[in-house]
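Structure first, then comments.
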Amino acid sequence: MPTDFLQELESKALTKEGLVVKVEQDFSLVPTVLEGTSSRKASIRYCCGKALMDLSEKHPERIYPYMDRFIELLESKHRILTWNVIISIANLTRVDSEKKFDAIFDKYYDLLDDGYMVTVANVVGNSGKIALAKPYLIQEITRELLKVEGLSLTPHLTAECKRVIMEHAIRSLDVFFDKVEAKENALSFVRRQLGSPRKSLAKRACDFLEKWA
């Protein structure tokens, strides 16, 4: 990455939004931004990760050639970067002609056992877009989403965090429920949330059942 580019990011003279615009003007900068995710400077690392996440949503076909690098970053020791990458990979499934996501399906959904609420919520919350992009994976995705009810609690995933995640799961299921084969399993999962102390989860469950049951 050019030194001036690094300095601009580090000094915050160049914002994430500004970086996105720069790349949109010259997509040959993508490898440079990917290099930035390895920076020892958090301000550079996270700005690059967020910019790539936005670019993967707006221009997936231009970012897809670098999907292997995003897959590698799933194992980053920096959790915020991992969270960005979870979303970026889901965005790229829309153009995944080589079925690279299919090859890492288990690796992606193994993150449900990460023990951190944001990690799990990002996987669950982005499953709807993956299902729409790859409808042949809907039954497998559904099975993974229904597992969240059995998540173990951790210091970073409390009972309330788990309820937030289940709300994300219902929202994702709503996106593709018409194509789910084992509907009763999913409906039973949703019904069990009707009495949740988290009001938004109980309402989400109620609305889902009014629509689909």
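Chain lettering (A, B, ...) mirrors the order of the structure tokens, residue numbering begins at 1 for each chain separately, and ligand numbering begins at 1 in order of display.
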(request) Please run DSSP on the backbone and report, as a ChimeraX atom specification, all residues within stretch 5-76 of chain A that come out as helix (DSSP H, G or I). (result) /A:5-11,16-25,27-36,42-58,60-73
(message) Can you tell me which residues surround stretch 129-138 of chain A at a distance of at most 9 Å, considering only C-alpha atoms, apart from same-chain residues fewer than 4 positions away, and format the answer as a PyMOL selection string?
(response) chain A and resi 90-96+102+125+142-143+172+175-177+179-181
(message) Measuring between only C-alpha atoms, which one of A:Ala182, A:Cys47, A:Leu111, A:Ala169 shows the shortest distance to A:Glu140?
(response)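 Going through A:Ala182, A:Cys47, A:Leu111, A:Ala169 one by one, the smallest distance to A:Glu140 is for A:Ala182.
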Skipping near chain neighbours, those fewer than 3 positions away, what residues fall within 8 Å of stretch 52-65 of chain A using only C-alpha atoms, listed as an mmCIF file with N, CA and C atoms, in the first residue's frame?
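As written to disk, out.cif reads:
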data_model
loop_
_atom_site.group_PDB
_atom_site.id
_atom_site.type_symbol
_atom_site.label_atom_id
_atom_site.label_comp_id
_atom_site.auth_asym_id
_atom_site.auth_seq_id
_atom_site.Cartn_x
_atom_site.Cartn_y
_atom_site.Cartn_z
ATOM 1 N N VAL A 20 -13.858 4.220 -0.248
ATOM 2 C CA VAL A 20 -14.797 3.547 -1.154
ATOM 3 C C VAL A 20 -14.867 4.291 -2.483
ATOM 4 N N PHE A 27 -10.702 0.345 -9.622
ATOM 5 C CA PHE A 27 -10.802 -0.938 -8.926
ATOM 6 C C PHE A 27 -9.483 -1.699 -8.867
ATOM 7 N N VAL A 30 -8.114 -2.457 -5.320
ATOM 8 C CA VAL A 30 -8.644 -3.474 -4.397
ATOM 9 C C VAL A 30 -7.539 -4.283 -3.718
ATOM 10 N N VAL A 33 -6.113 -2.282 -0.911
ATOM 11 C CA VAL A 33 -6.993 -2.192 0.255
ATOM 12 C C VAL A 33 -6.972 -3.512 1.032
ATOM 13 N N LEU A 34 -6.912 -4.612 0.324
ATOM 14 C CA LEU A 34 -6.817 -5.908 0.993
ATOM 15 C C LEU A 34 -5.525 -6.008 1.803
ATOM 16 N N CYS A 48 -10.109 -0.312 6.075
ATOM 17 C CA CYS A 48 -10.038 -1.141 4.865
ATOM 18 C C CYS A 48 -11.095 -2.238 4.902
ATOM 19 N N GLY A 49 -11.266 -2.878 6.062
ATOM 20 C CA GLY A 49 -12.256 -3.940 6.179
ATOM 21 C C GLY A 49 -13.662 -3.444 5.931
ATOM 22 N N ASP A 68 -11.116 -15.440 -2.452
ATOM 23 C CA ASP A 68 -10.236 -16.342 -1.694
ATOM 24 C C ASP A 68 -9.572 -15.619 -0.533
ATOM 25 N N ASN A 84 -16.599 -8.027 9.580
ATOM 26 C CA ASN A 84 -16.727 -7.404 8.256
ATOM 27 C C ASN A 84 -16.703 -8.456 7.147
ATOM 28 N N VAL A 85 -15.809 -9.416 7.289
ATOM 29 C CA VAL A 85 -15.620 -10.435 6.259
ATOM 30 C C VAL A 85 -16.829 -11.369 6.167
ATOM 31 N N ILE A 87 -19.863 -10.589 6.528
ATOM 32 C CA ILE A 87 -20.852 -9.868 5.719
ATOM 33 C C ILE A 87 -20.407 -9.788 4.260
ATOM 34 N N SER A 88 -19.127 -9.520 4.050
ATOM 35 C CA SER A 88 -18.606 -9.408 2.682
ATOM 36 C C SER A 88 -18.804 -10.702 1.906
ATOM 37 N N ILE A 89 -18.498 -11.822 2.537
ATOM 38 C CA ILE A 89 -18.649 -13.119 1.866
ATOM 39 C C ILE A 89 -20.111 -13.364 1.509
ATOM 40 N N ASN A 91 -22.303 -11.125 0.859
ATOM 41 C CA ASN A 91 -22.590 -10.255 -0.289
ATOM 42 C C ASN A 91 -22.091 -10.867 -1.597
ATOM 43 N N LEU A 92 -20.950 -11.507 -1.549
ATOM 44 C CA LEU A 92 -20.332 -12.056 -2.757
ATOM 45 C C LEU A 92 -21.015 -13.322 -3.262
ATOM 46 N N ARG A 94 -23.842 -13.627 -4.273
ATOM 47 C CA ARG A 94 -24.699 -13.260 -5.418
ATOM 48 C C ARG A 94 -24.019 -13.515 -6.752
ATOM 49 N N VAL A 95 -22.691 -13.484 -6.749
ATOM 50 C CA VAL A 95 -21.955 -13.639 -8.012
ATOM 51 C C VAL A 95 -20.980 -14.821 -7.935
ATOM 52 N N ASP A 96 -21.234 -15.730 -7.021
ATOM 53 C CA ASP A 96 -20.299 -16.835 -6.775
ATOM 54 C C ASP A 96 -20.449 -17.949 -7.808
#
(message) Show me, as a PyMOL selection string, the residues that have an atom within 8 Å of stretch 154-160 of chain A when counting only C-alpha atoms, minus same-chain residues fewer than 2 positions from it.
(response) chain A and resi 115-117+152+162-164+198
Write out, as a short mmCIF file (atom, residue, chain, number, x, y, z; two decimals), in the first residue's frame, the residues just selected, with C-alpha atoms.
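Saved to result_7.cif:
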data_model
loop_
_atom_site.label_atom_id
_atom_site.label_comp_id
_atom_site.auth_asym_id
_atom_site.auth_seq_id
_atom_site.Cartn_x
_atom_site.Cartn_y
_atom_site.Cartn_z
CA GLY A 115 -19.06 -17.69 21.50
CA TYR A 116 -19.25 -14.00 20.59
CA MET A 117 -22.64 -12.47 19.99
CA SER A 152 -24.22 -22.35 24.82
CA LYS A 162 -29.07 -15.33 22.45
CA ARG A 163 -32.53 -13.83 22.20
CA VAL A 164 -31.19 -11.15 19.86
CA ARG A 198 -37.54 -9.75 24.77
#
(request) Considering only C-alpha atoms, return as a VMD selection string whatever protein or nucleic-acid residues lie within 8 Å of stretch 203-209 of chain A, sequence-local ones (same chain, fewer than 5 positions apart) excluded. (result) chain A and resid 167 170 to 171 174 187 190 to 191 193 to 194
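Taking atom CA of A:Arg192 and atom CA of A:Val123 as endpoints, the distance between them is 21.6 Å.
When atom CA of A:Leu112 is paired with atom CA of A:Val148, their separation reads 7.5 Å.
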